[in-house]
$ cat run_17.txt   # compact mmCIF, C-alpha atoms
# COMPACT_ATOMS: atom_id res chain seq x y z
CA MET A 275 0.00 0.00 0.00
CA ILE A 276 1.21 3.49 -0.85
CA PRO A 277 0.40 6.03 1.89
CA ALA A 278 -0.35 9.70 1.32
CA ASP A 279 2.46 12.20 1.80
CA HIS A 280 0.92 15.67 1.99
CA ARG A 281 3.06 18.56 0.76
CA LYS A 282 1.71 22.10 0.78
CA TRP A 283 3.77 23.12 -2.26
CA ALA A 284 2.05 20.41 -4.31
CA GLU A 285 -1.36 21.94 -3.71
CA TYR A 286 -0.10 25.40 -4.68
CA LEU A 287 1.26 23.99 -7.93
CA PHE A 288 -1.71 21.79 -8.76
CA ALA A 289 -4.62 24.16 -7.99
CA PRO A 290 -4.04 26.66 -10.84
CA TYR A 291 -3.31 23.82 -13.27
CA LEU A 292 -6.58 22.09 -12.39
CA ASN A 293 -8.53 25.35 -12.66
CA ARG A 294 -7.22 25.84 -16.22
CA LEU A 295 -7.98 22.23 -17.11
CA CYS A 296 -11.57 22.51 -15.88
CA ARG A 297 -12.14 25.81 -17.70
CA ARG A 298 -11.05 24.12 -20.90
CA HIS A 299 -13.26 21.03 -20.53
CA PHE A 300 -16.42 22.24 -18.76
CA HIS A 301 -18.99 24.97 -19.25
CA SER A 302 -19.23 25.40 -15.48
CA ILE A 303 -18.72 23.62 -12.18
CA ARG A 304 -21.35 24.62 -9.65
CA LEU A 305 -22.23 23.99 -6.02
CA LEU A 306 -25.90 23.44 -5.22
CA GLY A 307 -27.46 24.19 -1.86
CA GLN A 308 -25.80 25.29 1.33
CA VAL A 309 -22.73 23.58 2.71
CA PRO A 310 -23.84 22.04 6.02
CA GLY A 311 -22.19 23.10 9.23
CA LEU A 312 -19.15 20.93 9.89
CA SER A 313 -17.52 20.42 13.25
CA LYS A 314 -13.87 21.47 13.37
CA ASN A 315 -13.32 18.78 15.99
CA ARG A 316 -14.47 15.71 14.05
CA PRO A 317 -13.09 14.01 10.92
CA LEU A 318 -15.36 14.12 7.88
CA LEU A 319 -15.99 11.00 5.80
CA LEU A 320 -17.23 12.15 2.40
CA LEU A 321 -19.03 9.53 0.27
CA PRO A 322 -19.45 10.57 -3.39
CA ASN A 323 -21.12 8.72 -6.22
CA HIS A 324 -18.54 7.72 -8.83
CA SER A 325 -19.40 8.01 -12.51
CA THR A 326 -16.55 9.97 -14.14
CA TRP A 327 -12.77 9.95 -14.32
CA TRP A 328 -12.87 13.53 -12.99
CA ASP A 329 -14.52 12.79 -9.64
CA GLY A 330 -11.38 12.91 -7.51
CA PHE A 331 -10.51 16.27 -9.06
CA PHE A 332 -14.00 17.58 -8.24
CA VAL A 333 -13.41 16.63 -4.60
CA PHE A 334 -10.13 18.55 -4.67
CA LEU A 335 -11.91 21.61 -6.12
CA LEU A 336 -14.71 21.44 -3.58
CA ASN A 337 -12.24 21.27 -0.73
CA ARG A 338 -10.08 24.02 -2.19
CA HIS A 339 -12.97 26.42 -2.79
CA VAL A 340 -15.34 25.57 0.05
CA LEU A 341 -14.36 23.07 2.76
CA GLY A 342 -10.71 23.88 3.44
CA ARG A 343 -9.66 20.60 5.05
CA LYS A 344 -6.56 18.45 4.76
CA THR A 345 -7.88 15.84 2.35
CA TYR A 346 -7.21 12.14 1.77
CA LEU A 347 -8.55 10.15 -1.17
CA MET A 348 -8.18 6.48 -2.10
CA MET A 349 -6.81 5.70 -5.57
CA LEU A 350 -6.02 2.50 -7.47
CA GLU A 351 -2.47 1.46 -6.72
CA GLU A 352 -1.51 0.89 -10.36
CA GLN A 353 -2.59 4.45 -11.14
CA LEU A 354 -0.87 5.98 -8.12
CA ARG A 355 2.40 4.25 -9.05
CA ILE A 356 2.21 5.97 -12.44
CA ASN A 357 1.02 9.31 -11.06
CA GLY A 358 3.01 9.46 -7.84
CA PHE A 359 2.60 13.24 -7.57
CA PHE A 360 -0.94 12.71 -6.28
CA ARG A 361 0.50 11.30 -3.04
CA PHE A 362 1.54 14.86 -2.23
CA LEU A 363 -2.11 15.94 -2.58
CA GLY A 364 -3.40 13.26 -0.19
CA ALA A 365 -3.95 10.25 -2.45
CA TYR A 366 -3.23 6.80 -1.06
CA SER A 367 -3.57 3.43 -2.75
CA ILE A 368 -5.68 0.32 -2.82
CA ASP A 369 -4.92 -2.85 -4.78
CA PRO A 370 -8.23 -4.66 -5.44
CA GLY A 371 -6.32 -7.77 -6.56
CA SER A 372 -4.73 -8.32 -3.15
CA PHE A 373 -6.89 -9.30 -0.15
CA SER A 374 -4.20 -8.27 2.31
CA GLY A 375 -3.60 -5.06 0.36
CA VAL A 376 -7.28 -4.16 0.48
CA ARG A 377 -7.35 -4.79 4.21
CA ARG A 378 -4.32 -2.56 4.79
CA SER A 379 -5.89 0.24 2.77
CA LEU A 380 -9.19 0.02 4.63
CA LEU A 381 -7.43 -0.03 8.01
CA TYR A 382 -5.43 3.00 6.89
CA THR A 383 -8.69 4.75 6.03
CA SER A 384 -10.15 3.98 9.46
CA ALA A 385 -6.99 5.29 11.12
CA LEU A 386 -7.30 8.58 9.20
CA LEU A 387 -10.74 8.99 10.77
CA SER A 388 -9.37 8.78 14.31
CA PRO A 389 -9.64 11.86 16.56
CA ALA A 390 -6.95 14.44 15.75
CA ASP A 391 -6.03 18.06 16.43
CA ASN A 392 -6.81 19.01 12.83
CA PRO A 393 -9.32 16.40 11.71
CA PRO A 394 -9.17 15.73 7.96
CA LEU A 395 -11.62 15.13 5.17
CA VAL A 396 -11.42 11.51 3.98
CA CYS A 397 -13.02 10.83 0.61
CA PHE A 398 -14.07 7.25 -0.04
CA PHE A 399 -15.96 6.08 -3.13
CA PRO A 400 -18.29 3.48 -1.60
CA GLN A 401 -19.45 2.00 -4.91
CA GLY A 402 -15.90 0.78 -5.41
CA GLU A 403 -15.87 1.30 -9.18
CA LEU A 404 -16.86 3.67 -11.96
CA LEU A 405 -20.55 3.20 -12.77
CA PRO A 406 -23.04 5.06 -14.99
CA LEU A 407 -24.57 8.08 -13.30
CA HIS A 408 -28.13 6.80 -13.57
CA GLN A 409 -27.53 3.15 -12.69
CA ARG A 410 -30.04 2.04 -10.08
CA PRO A 411 -30.18 0.75 -7.49
CA VAL A 412 -27.09 2.32 -5.97
CA ARG A 413 -25.05 -0.40 -4.28
CA PHE A 414 -22.01 -0.09 -2.04
CA GLY A 415 -19.15 -2.54 -1.72
CA LYS A 416 -18.17 -4.15 1.58
CA GLY A 417 -15.36 -1.70 2.27
CA LEU A 418 -17.53 0.99 3.85
CA ASP A 419 -18.89 -1.34 6.56
CA PHE A 420 -15.33 -2.44 7.33
CA ILE A 421 -14.17 1.17 7.73
CA LEU A 422 -17.13 2.27 9.84
CA SER A 423 -16.85 -0.72 12.14
CA ARG A 424 -13.30 0.31 13.06
CA VAL A 425 -13.46 4.07 13.55
CA SER A 426 -12.66 5.30 17.04
CA GLY A 427 -14.81 8.09 18.38
CA HIS A 428 -17.33 10.26 16.59
CA ILE A 429 -17.04 11.17 12.92
CA ASP A 430 -19.12 13.29 10.57
CA LEU A 431 -20.43 11.53 7.48
CA ALA A 432 -21.89 13.19 4.38
CA PHE A 433 -22.68 12.29 0.79
CA LEU A 434 -21.33 14.24 -2.14
CA GLY A 435 -23.58 14.22 -5.17
CA ILE A 436 -21.72 14.65 -8.46
CA TRP A 437 -23.88 15.24 -11.56
CA SER A 438 -22.44 15.99 -14.97
CA GLY A 439 -24.19 16.37 -18.31
CA PHE A 440 -24.93 18.54 -21.31
CA LEU A 441 -27.59 21.18 -20.76
CA GLN A 442 -27.47 24.28 -23.00
CA ASP A 443 -23.85 24.40 -24.00
CA GLN A 444 -21.35 22.57 -26.18
CA ARG A 445 -19.47 21.45 -23.06
CA PRO A 446 -20.91 19.67 -20.02
CA ASP A 447 -21.93 21.30 -16.77
CA VAL A 448 -21.00 19.77 -13.43
CA PHE A 449 -23.05 20.13 -10.26
CA LEU A 450 -21.84 19.25 -6.78
CA GLN A 451 -23.95 19.05 -3.65
CA VAL A 452 -23.09 18.07 -0.09
CA SER A 453 -25.80 16.32 1.92
CA PRO A 454 -26.74 17.11 5.51
CA VAL A 455 -24.16 15.67 7.90
CA MET A 456 -24.67 12.66 10.11
CA THR A 457 -22.52 12.29 13.24
CA VAL A 458 -21.90 8.59 13.88
CA THR A 459 -19.74 6.14 15.79
CA ARG A 460 -18.90 2.52 15.04
CA HIS A 461 -21.94 1.56 17.13
CA THR A 462 -24.48 4.03 15.71
CA SER A 463 -23.60 4.21 12.01
CA PRO A 464 -26.19 2.91 9.54
CA GLY A 465 -25.13 -0.07 7.46
CA SER A 466 -23.94 0.26 3.88
CA ALA A 467 -27.29 -0.87 2.42
CA GLU A 468 -29.15 1.89 4.26
CA LEU A 469 -26.52 4.45 3.31
CA ALA A 470 -26.66 3.38 -0.35
CA LEU A 471 -30.41 3.95 -0.39
CA SER A 472 -29.93 7.37 1.20
CA LEU A 473 -27.39 8.34 -1.48
CA GLU A 474 -29.74 7.11 -4.22
CA GLN A 475 -32.55 9.30 -2.86
CA PHE A 476 -30.21 12.26 -2.47
CA LEU A 477 -29.05 11.95 -6.08
CA GLY A 478 -32.65 11.77 -7.29
CA THR A 479 -33.60 14.97 -5.47
CA MET A 480 -30.45 16.68 -6.74
CA GLU A 481 -31.11 15.74 -10.37
CA GLN A 482 -34.70 16.93 -10.15
CA ALA A 483 -33.48 20.33 -8.92
CA ILE A 484 -30.97 20.56 -11.79
CA LEU A 485 -33.55 19.68 -14.44
CA GLN A 486 -35.89 22.28 -12.97
CA GLY A 487 -33.25 24.94 -13.52
CA ALA A 488 -31.31 25.19 -10.25
CA GLN A 489 -28.13 27.19 -10.82
CA GLY A 490 -26.24 27.17 -7.54
CA GLN A 491 -22.92 28.87 -6.87
CA VAL A 492 -20.31 28.93 -9.64
CA LEU A 493 -16.99 27.46 -8.51
CA ILE A 494 -15.37 27.34 -11.97
CA ARG A 495 -16.67 29.03 -15.12
CA GLY A 496 -15.29 27.74 -18.39
CA GLY A 497 -14.00 29.85 -21.23
CA ALA A 498 -16.36 30.71 -24.06
CA SER A 499 -17.21 27.68 -26.19
CA ILE A 500 -17.75 27.77 -29.96
CA ASN A 501 -21.52 28.14 -29.66
CA GLN A 502 -21.15 30.95 -27.10
CA ARG A 503 -18.77 32.84 -29.38
CA PHE A 504 -21.18 32.33 -32.30
CA ARG A 505 -24.12 33.70 -30.29
CA SER A 506 -22.02 36.66 -29.16
CA LYS A 507 -21.02 37.53 -32.74
CA LYS A 508 -24.61 37.19 -33.93
CA LYS A 509 -25.82 39.46 -31.16
CA ARG A 510 -23.27 42.11 -32.12
CA ARG A 511 -24.28 41.88 -35.79
CA ASP A 512 -27.96 42.17 -34.93
CA SER A 513 -27.30 45.27 -32.84
CA LEU A 514 -25.62 47.12 -35.75
$ encode --input "run_17.txt" --output "structure tokens"
Amino acid sequence: MIPADHRKWAEYLFAPYLNRLCRRHFHSIRLLGQVPGLSKNRPLLLLPNHSTWWDGFFVFLLNRHVLGRKTYLMMLEEQLRINGFFRFLGAYSIDPGSFSGVRRSLLYTSALLSPADNPPLVCFFPQGELLPLHQRPVRFGKGLDFILSRVSGHIDLAFLGIWSGFLQDQRPDVFLQVSPVMTVTRHTSPGSAELALSLEQFLGTMEQAILQGAQGQVLIRGGASINQRFRSKKKRRDSL
């Protein structure tokens, strides 16, 4: 298992690069709803749905723009060996092909959620794999129950809804939304089946709001796409 190795300089280097990358590929990245109140004294376990290659980067953006926590995120070991720089941003590895390796990674995750002076944000993708956004029912792997059964003390737990799609622009829009927070212990946490159903319901409500025109707060606004430039030129011509 490859542990995280946070370096502040890495975040300073990576943040402007990622902002430019997102402006190039997306029409906008937006935050829906209000960010729930988070305790500064408890670790936060963030559970996103996982349907795009970009999801880990969206978590980084959300934390950078809104949450402001030291962040850890699990990543496939074969990918982290190739992209070792991400260790400096808080990525650590899991090797699904090794039972002992999986166990070490899950124990490492539980340890990150232990009480600390500056409790972190730990992002864990409970579905365990990339799946289509609208695949139902939402199902979680066994890893989440393992982690929650071994946390020591109280932790905050929240879902992160990630929705991406084409609306009225050439490039896709991305919407992020953080659910209300649950404070749990190893003895009081719901099981993974109940949590999966809660995430499914949360995603349904979020999508309904998006399709009804919810705009939210803009975190990243992309550069003008071809169709935007065309509309702008047409508007100028029409005004002459």
$ atom_distance --input "run_17.txt" --atom1 "atom CA of A:Asn323" --atom2 "atom CA of A:Ala470"
9.7 Å
$ residues_around --input "run_17.txt" --residues "stretch 307-318 of chain A" --least-positions-apart "3" --cutoff "6 Å" --atoms "all atoms listed in the file" --output "number ranges by chain"
A: 387, 393-395, 429-431, 454
$ write_last_selection --input "run_17.txt" --atoms "C-alpha atoms" --output "short mmCIF file (atom, residue, chain, number, x, y, z; two decimals), in the frame of the given file"
data_model
loop_
_atom_site.label_atom_id
_atom_site.label_comp_id
_atom_site.auth_asym_id
_atom_site.auth_seq_id
_atom_site.Cartn_x
_atom_site.Cartn_y
_atom_site.Cartn_z
CA LEU A 387 -10.74 8.99 10.77
CA PRO A 393 -9.32 16.40 11.71
CA PRO A 394 -9.17 15.73 7.96
CA LEU A 395 -11.62 15.13 5.17
CA ILE A 429 -17.04 11.17 12.92
CA ASP A 430 -19.12 13.29 10.57
CA LEU A 431 -20.43 11.53 7.48
CA PRO A 454 -26.74 17.11 5.51
#
$ residues_around --input "run_17.txt" --residues "A:Val333" --least-positions-apart "2" --cutoff "12 Å" --atoms "all atoms listed in the file" --output "MDAnalysis selection string"
chainID A and resid 292 303 305 320:324 327:331 335:348 363:365 395:399 433:436 449:452
$ atom_distance --input "run_17.txt" --atom1 "atom CA of A:Met275" --atom2 "atom CA of A:Ser374"
9.6 Å
$ atom_distance --input "run_17.txt" --atom1 "atom CA of A:Val448" --atom2 "atom CA of A:Ser367"
26.2 Å
$ closest_residue --input "run_17.txt" --among "A:Met480, A:Ala467, A:Leu493, A:Gly439" --to "A:Cys296" --atoms "all atoms listed in the file"
A:Leu493
$ closest_residue --input "run_17.txt" --among "A:Gln482, A:Thr462, A:Gln401, A:Gln444" --to "A:Gly496" --atoms "only C-alpha atoms"
A:Gln444
$ residues_around --input "run_17.txt" --residues "A:Val425" --least-positions-apart "3" --cutoff "12 Å" --atoms "all atoms listed in the file" --output "JSON, numbers by chain"
{"A": [316, 317, 318, 319, 380, 381, 382, 383, 384, 385, 386, 387, 388, 389, 418, 419, 420, 421, 422, 428, 429, 430, 431, 458, 459, 460, 461, 462, 463]}
$ closest_residue --input "run_17.txt" --among "A:Glu474, A:Asp443, A:Asp391, A:Glu351" --to "A:Gln409" --atoms "only C-alpha atoms"
A:Glu474
$ closest_residue --input "run_17.txt" --among "A:Ile484, A:Met349, A:His280, A:Trp437" --to "A:Leu407" --atoms "all atoms listed in the file"
A:Trp437
$ closest_residue --input "run_17.txt" --among "A:Ala432, A:Leu354, A:Ile494, A:Leu477" --to "A:Tyr366" --atoms "only C-alpha atoms"
A:Leu354
$ axis_aligned_box --input "run_17.txt" --around "stretch 282-285 of chain A" --padding-each-side "8 Å" --output "JSON"
{"center_x": 1.2, "center_y": 21.8, "center_z": -1.8, "size_x": 21.1, "size_y": 18.7, "size_z": 21.1}
$ residues_around --input "run_17.txt" --residues "A:Gln489" --least-positions-apart "2" --cutoff "8 Å" --atoms "only C-alpha atoms" --output "list in words"
Arg304, Leu306, Ile484, Gly487 and Gln491 of chain A
$ write_last_selection --input "run_17.txt" --atoms "C-alpha atoms" --output "PDB file, keeping the file's coordinate frame"
ATOM      1  CA  ARG A 304     -21.350  24.620  -9.650  1.00  0.00           C
ATOM      2  CA  LEU A 306     -25.900  23.440  -5.220  1.00  0.00           C
ATOM      3  CA  ILE A 484     -30.970  20.560 -11.790  1.00  0.00           C
ATOM      4  CA  GLY A 487     -33.250  24.940 -13.520  1.00  0.00           C
ATOM      5  CA  GLN A 491     -22.920  28.870  -6.870  1.00  0.00           C
TER       6      GLN A 491
END
$ closest_residue --input "run_17.txt" --among "A:Val455, A:Leu471, A:Ile368, A:Ala483" --to "A:Arg410" --atoms "only C-alpha atoms"
A:Leu471
